[in-house]
$ cat upload_30.txt   # compact mmCIF, C-alpha atoms
# COMPACT_ATOMS: atom_id res chain seq x y z
CA MET A 1 -2.13 40.14 -21.26
CA GLU A 2 -1.70 39.89 -17.48
CA LYS A 3 1.82 38.48 -17.87
CA LEU A 4 2.71 41.27 -20.30
CA ALA A 5 1.52 43.88 -17.81
CA GLN A 6 3.65 42.22 -15.15
CA LEU A 7 6.66 42.28 -17.48
CA LEU A 8 6.10 45.96 -18.19
CA LEU A 9 6.05 46.75 -14.47
CA LEU A 10 9.25 44.75 -13.95
CA MET A 11 10.99 46.54 -16.83
CA ASP A 12 9.99 49.92 -15.39
CA THR A 13 12.00 49.10 -12.26
CA MET A 14 15.18 48.39 -14.23
CA THR A 15 18.01 50.91 -14.42
CA LYS A 16 19.72 51.90 -17.68
CA ALA A 17 22.72 49.77 -16.72
CA GLU A 18 20.49 46.75 -16.07
CA LYS A 19 18.71 47.18 -19.41
CA ARG A 20 22.04 47.48 -21.23
CA TYR A 21 23.30 44.35 -19.48
CA PHE A 22 20.15 42.42 -20.42
CA ARG A 23 20.68 43.23 -24.10
CA LEU A 24 24.24 41.92 -23.89
CA TRP A 25 22.91 38.88 -22.03
CA GLY A 26 20.40 38.19 -24.80
CA ASN A 27 22.89 38.71 -27.64
CA LEU A 28 25.19 36.05 -26.18
CA GLN A 29 22.47 33.40 -26.35
CA LYS A 30 21.95 31.19 -29.37
CA GLY A 31 18.76 29.97 -31.03
CA LYS A 32 15.44 31.73 -31.59
CA LYS A 33 14.98 35.02 -29.80
CA GLU A 34 11.28 35.79 -29.96
CA TYR A 35 11.47 36.89 -26.34
CA LEU A 36 13.91 39.69 -27.29
CA TYR A 37 11.46 40.93 -29.89
CA LEU A 38 8.75 40.93 -27.20
CA TYR A 39 11.12 42.83 -24.89
CA ASN A 40 11.72 45.46 -27.56
CA GLN A 41 7.99 45.86 -28.18
CA LEU A 42 7.28 46.26 -24.47
CA GLU A 43 10.01 48.89 -24.28
CA ASN A 44 8.80 50.85 -27.29
CA CYS A 45 4.99 50.50 -27.15
CA GLU A 46 2.82 52.66 -24.92
CA THR A 47 0.85 49.76 -23.43
CA ALA A 48 1.28 46.04 -22.85
CA GLU A 49 -1.71 45.41 -25.11
CA ASP A 50 -0.04 47.22 -28.02
CA ALA A 51 3.15 45.21 -27.49
CA GLY A 52 1.15 41.97 -27.45
CA LYS A 53 -0.61 42.82 -30.72
CA ALA A 54 2.70 43.67 -32.42
CA PHE A 55 4.20 40.38 -31.26
CA CYS A 56 1.19 38.34 -32.44
CA ARG A 57 1.33 39.92 -35.88
CA LYS A 58 4.89 38.67 -36.29
CA TYR A 59 4.89 35.32 -34.46
CA GLY A 60 1.21 34.42 -33.90
CA LYS A 61 -0.88 34.15 -30.77
CA LYS A 62 0.39 30.68 -29.84
CA SER A 63 3.93 31.91 -29.19
CA ILE A 64 3.17 34.87 -26.97
CA GLU A 65 2.44 33.01 -23.72
CA ALA A 66 5.61 30.90 -23.89
CA SER A 67 7.71 33.91 -24.91
CA ALA A 68 6.32 36.03 -22.07
CA ARG A 69 7.14 33.33 -19.49
CA TYR A 70 10.61 32.86 -20.93
CA LEU A 71 11.27 36.60 -21.01
CA TYR A 72 10.20 36.92 -17.37
CA ASN A 73 12.55 34.11 -16.29
CA GLN A 74 15.43 35.58 -18.31
CA LEU A 75 14.90 39.03 -16.80
CA ILE A 76 14.89 37.65 -13.26
CA ASP A 77 18.02 35.54 -13.88
CA CYS A 78 19.79 38.48 -15.48
CA LEU A 79 18.90 40.90 -12.65
CA VAL A 80 20.01 38.41 -9.99
CA TYR A 81 23.34 37.90 -11.75
CA PHE A 82 23.84 41.63 -12.39
CA ASN A 83 23.22 42.52 -8.73
CA LYS A 84 25.02 39.54 -7.19
CA ASP A 85 27.97 41.57 -5.93
CA SER A 86 25.71 44.03 -4.08
CA GLN A 87 24.10 41.28 -1.97
CA VAL A 88 26.26 40.15 0.94
CA GLN A 89 24.43 36.80 1.08
CA ASN A 90 25.58 36.05 -2.45
CA SER A 91 29.19 36.81 -1.54
CA ILE A 92 29.00 34.47 1.45
CA PHE A 93 27.29 31.73 -0.60
CA GLN A 94 30.02 32.02 -3.22
CA LEU A 95 32.74 31.57 -0.58
CA ILE A 96 30.90 28.56 0.88
CA MET A 97 30.67 26.97 -2.56
CA GLN A 98 34.35 27.68 -3.20
CA ALA A 99 35.31 26.07 0.12
CA SER A 100 33.18 23.01 -0.67
CA LEU A 101 34.76 22.66 -4.12
CA LEU A 102 38.29 23.02 -2.73
CA TYR A 103 37.62 20.49 0.01
CA GLU A 104 36.23 17.92 -2.46
CA ARG A 105 39.47 18.22 -4.45
CA ARG A 106 41.58 17.78 -1.30
CA PHE A 107 42.80 21.39 -1.11
CA VAL A 108 42.05 21.24 2.61
CA GLU A 109 44.05 24.23 3.84
CA GLU A 110 42.66 26.46 1.09
CA ALA A 111 39.14 25.27 1.96
CA PHE A 112 39.61 26.25 5.61
CA ARG A 113 40.99 29.66 4.64
CA THR A 114 38.00 30.28 2.38
CA LEU A 115 35.60 29.20 5.14
CA SER A 116 37.35 31.60 7.48
CA LYS A 117 36.69 34.49 5.05
CA ALA A 118 33.04 33.44 4.77
CA LYS A 119 32.76 33.21 8.56
CA GLN A 120 34.17 36.70 9.04
CA LEU A 121 31.80 38.16 6.46
CA ALA A 122 28.78 36.37 7.96
CA THR A 123 29.75 37.57 11.45
CA ASN A 124 30.18 41.20 10.37
CA PHE A 125 26.77 41.30 8.67
CA GLU A 126 24.93 39.10 11.22
CA GLN A 127 23.99 36.42 8.70
CA ASP A 128 23.34 33.96 11.52
CA ILE A 129 21.85 31.13 9.43
CA LEU A 130 24.81 31.18 7.03
CA LEU A 131 27.22 31.48 9.96
CA MET A 132 25.66 28.38 11.50
CA LEU A 133 26.17 26.49 8.22
CA ILE A 134 29.81 27.63 8.00
CA ARG A 135 30.61 26.60 11.57
CA ARG A 136 29.00 23.20 10.99
CA MET A 137 30.98 22.68 7.77
CA GLU A 138 34.17 23.62 9.61
CA ILE A 139 33.58 21.01 12.33
CA ILE A 140 32.70 18.33 9.76
CA TYR A 141 35.87 19.04 7.80
CA ILE A 142 37.96 18.91 10.97
CA THR A 143 36.36 15.59 11.95
CA GLU A 144 36.94 14.03 8.52
CA THR A 145 40.53 15.21 8.03
CA GLY A 146 41.77 14.84 11.61
CA VAL A 147 42.18 17.55 14.21
CA GLY A 148 45.90 18.00 13.47
CA GLU A 149 47.34 20.68 15.77
CA LEU A 150 43.91 21.48 17.16
CA THR A 151 43.52 20.80 20.89
CA GLU A 152 40.38 19.31 22.42
CA LYS A 153 39.75 22.64 24.15
CA GLU A 154 39.84 24.46 20.79
CA LEU A 155 37.50 21.89 19.25
CA ALA A 156 35.12 22.29 22.22
CA SER A 157 35.22 26.06 21.66
CA LYS A 158 34.09 25.57 18.07
CA HIS A 159 31.17 23.42 19.26
CA THR A 160 30.24 26.09 21.81
CA LYS A 161 30.25 28.81 19.15
CA LEU A 162 28.03 26.67 16.91
CA ASN A 163 25.55 26.18 19.79
CA GLU A 164 25.60 29.92 20.51
CA CYS A 165 24.78 30.55 16.86
CA LEU A 166 21.86 28.12 17.11
CA LYS A 167 20.57 29.95 20.21
CA TYR A 168 20.84 33.33 18.51
CA THR A 169 19.02 32.03 15.43
CA ARG A 170 16.26 30.59 17.64
CA SER A 171 15.96 33.90 19.51
CA THR A 172 15.69 35.86 16.25
CA ASN A 173 13.06 33.44 14.94
CA LEU A 174 11.01 33.94 18.13
CA HIS A 175 11.22 37.72 17.65
CA ILE A 176 10.02 37.32 14.06
CA SER A 177 7.16 35.06 15.17
CA LEU A 178 5.95 37.47 17.88
CA TYR A 179 6.19 40.50 15.60
CA ALA A 180 4.33 38.71 12.78
CA THR A 181 1.59 37.63 15.21
CA LEU A 182 1.24 41.19 16.50
CA LYS A 183 0.95 42.63 12.99
CA PHE A 184 -1.60 39.96 12.08
CA ARG A 185 -3.79 40.74 15.09
CA LEU A 186 -3.58 44.49 14.59
CA HIS A 187 -4.56 44.07 10.95
CA TYR A 188 -7.52 41.76 11.45
CA LEU A 189 -8.83 42.88 14.85
CA HIS A 190 -8.52 46.64 14.11
CA GLU A 191 -9.63 47.49 17.64
CA ILE A 192 -9.16 45.58 20.88
CA ARG A 193 -12.65 45.45 22.42
CA SER A 194 -13.36 42.27 24.33
CA GLY A 195 -11.64 41.08 27.50
CA LYS A 196 -10.38 38.01 25.67
CA GLN A 197 -8.78 40.15 22.97
CA LYS A 198 -7.08 42.31 25.61
CA GLU A 199 -5.83 39.21 27.38
CA LEU A 200 -4.36 37.79 24.17
CA MET A 201 -2.64 41.08 23.37
CA ASN A 202 -1.26 41.39 26.89
CA ASP A 203 0.09 37.84 26.72
CA LEU A 204 1.83 38.71 23.46
CA VAL A 205 3.43 41.82 24.95
CA LEU A 206 4.57 39.92 28.05
CA SER A 207 6.04 37.16 25.88
CA GLU A 208 8.04 39.72 23.93
CA LEU A 209 9.29 41.47 27.07
CA GLY A 210 10.26 38.10 28.56
CA LEU A 211 12.17 37.21 25.41
CA VAL A 212 14.09 40.50 25.48
CA SER A 213 14.95 40.29 29.19
CA ASN A 214 16.19 36.68 28.91
CA ASN A 215 18.04 37.20 25.62
CA TYR A 216 21.82 37.23 25.97
CA TYR A 217 22.32 37.68 22.24
CA GLN A 218 21.47 41.30 21.57
CA GLY A 219 22.36 41.57 17.90
CA PHE A 220 21.16 44.19 15.43
CA GLU A 221 18.40 42.01 13.97
CA SER A 222 16.83 41.09 17.31
CA MET A 223 17.05 44.71 18.54
CA LYS A 224 15.44 45.95 15.31
CA LEU A 225 12.55 43.47 15.69
CA HIS A 226 12.12 44.44 19.35
CA LEU A 227 11.87 48.13 18.48
CA LEU A 228 9.43 47.41 15.63
CA PHE A 229 7.30 45.35 18.01
CA GLN A 230 7.26 48.11 20.63
CA ALA A 231 6.48 50.77 18.02
CA SER A 232 3.55 48.73 16.67
$ encode --input "upload_30.txt" --output "structure tokens"
Amino acid sequence: MEKLAQLLLLMDTMTKAEKRYFRLWGNLQKGKKEYLYLYNQLENCETAEDAGKAFCRKYGKKSIEASARYLYNQLIDCLVYFNKDSQVQNSIFQLIMQASLLYERRFVEEAFRTLSKAKQLATNFEQDILLMLIRRMEIIYITETGVGELTEKELASKHTKLNECLKYTRSTNLHISLYATLKFRLHYLHEIRSGKQKELMNDLVLSELGLVSNNYYQGFESMKLHLLFQAS
């Protein structure tokens, strides 16, 4: 019944539009649909236990575990697909995949134009890891197809921007590491009592201040982590 309770909690978070979309999603599928019956019972019964009993009466106890797992996976897949346009990472991933597909089919100019759109979107929303991937793909494509009208100076500029992206990603990762360490110590130490504990905390604070003062890449994410660290 634990999985049923988990499903019930997940369904409670769904909007009316998401529930309507899931029903359409299920109706389009072929084959047995015990999981849809389980979904209906969870939606209509007061408790997960009542829904489980109703399902077992119709399909038997052996089917409920498999149906619950399948329903959970279908709900997650459906919600991800339904909300894909609201997640900027998904939009960037889609452009990257489109560029890769176009390049494989020798639509080189179209691939570069699509990568350029992905790069602009990743830059605007500070998706540094995806931006690093896009810049690397761009250089690989240039290397494989020939530089064409590109000058060596322009190619060097692309390498420089890729290295800058790597540095920014490294800086952000260091911020995340320091903030996570601080939260861990505050949670488990509760109070700083011993000299050794004070020394460790001071070292952490100094490391964070040093990172901020030597960081030339003051993006939103790194500034947010710095302020969260200082507030903690």
$ closest_atom_pairs --input "upload_30.txt" --of "segment 134-174 of chain A" --to "segment 101-125 of chain A" --cutoff "12 Å" --atoms "all atoms listed in the file" --output "Markdown table"
| residue | atom | partner | partner_atom | distance |
| --- | --- | --- | --- | --- |
| A:Ile134 | CA | A:Lys119 | CA | 6.3 |
| A:Arg135 | CA | A:Lys119 | CA | 7.6 |
| A:Arg136 | CA | A:Leu115 | CA | 10.7 |
| A:Met137 | CA | A:Leu115 | CA | 8.4 |
| A:Glu138 | CA | A:Phe112 | CA | 7.2 |
| A:Ile139 | CA | A:Phe112 | CA | 10.4 |
| A:Ile140 | CA | A:Tyr103 | CA | 11.1 |
| A:Tyr141 | CA | A:Tyr103 | CA | 8.1 |
| A:Ile142 | CA | A:Phe112 | CA | 9.2 |
| A:Glu144 | CA | A:Val108 | CA | 10.6 |
| A:Thr145 | CA | A:Val108 | CA | 8.2 |
| A:Gly146 | CA | A:Val108 | CA | 11.0 |
| A:Gly148 | CA | A:Glu109 | CA | 11.6 |
| A:Lys161 | CA | A:Thr123 | CA | 11.7 |
| A:Leu162 | CA | A:Lys119 | CA | 11.6 |
| A:Cys165 | CA | A:Thr123 | CA | 10.2 |
$ atom_distance --input "upload_30.txt" --atom1 "atom CA of Lys224 of chain A" --atom2 "atom CA of Asn83 of chain A"
25.5 Å
$ residues_around --input "upload_30.txt" --residues "Leu211 of chain A" --least-positions-apart "5" --cutoff "12 Å" --atoms "all atoms listed in the file" --output "ChimeraX atom specification"
/A:168,170-179,204-206,216-218,222-223,225-226
$ atom_distance --input "upload_30.txt" --atom1 "atom CA of Arg69 of chain A" --atom2 "atom CA of Gly52 of chain A"
13.2 Å
$ closest_residue --input "upload_30.txt" --among "A:Gln74, A:Glu149, A:Ser67, A:Asn202" --to "Gln29 of chain A" --atoms "all atoms listed in the file"
A:Gln74
$ closest_residue --input "upload_30.txt" --among "A:Lys32, A:Leu24, A:Thr15, A:Glu126" --to "Gln89 of chain A" --atoms "all atoms listed in the file"
A:Glu126
$ atom_distance --input "upload_30.txt" --atom1 "atom CA of Arg57 of chain A" --atom2 "atom CA of Thr13 of chain A"
27.5 Å
$ residues_near_point --input "upload_30.txt" --point "(6.8, 44.6, -26.3)" --cutoff "10 Å" --atoms "only C-alpha atoms" --output "list in words"
Leu4, Leu7, Leu8, Tyr35, Leu36, Tyr37, Leu38, Tyr39, Asn40, Gln41, Leu42, Glu43, Asn44, Cys45, Glu46, Thr47, Ala48, Glu49, Asp50, Ala51, Gly52, Lys53, Ala54, Phe55 and Ala68 of chain A
$ closest_residue --input "upload_30.txt" --among "A:Met14, A:Ile64, A:Leu71, A:Leu227" --to "Gly26 of chain A" --atoms "only C-alpha atoms"
A:Leu71
$ closest_residue --input "upload_30.txt" --among "A:Thr169, A:Gln6, A:Ser232, A:Ser213" --to "Tyr72 of chain A" --atoms "only C-alpha atoms"
A:Gln6
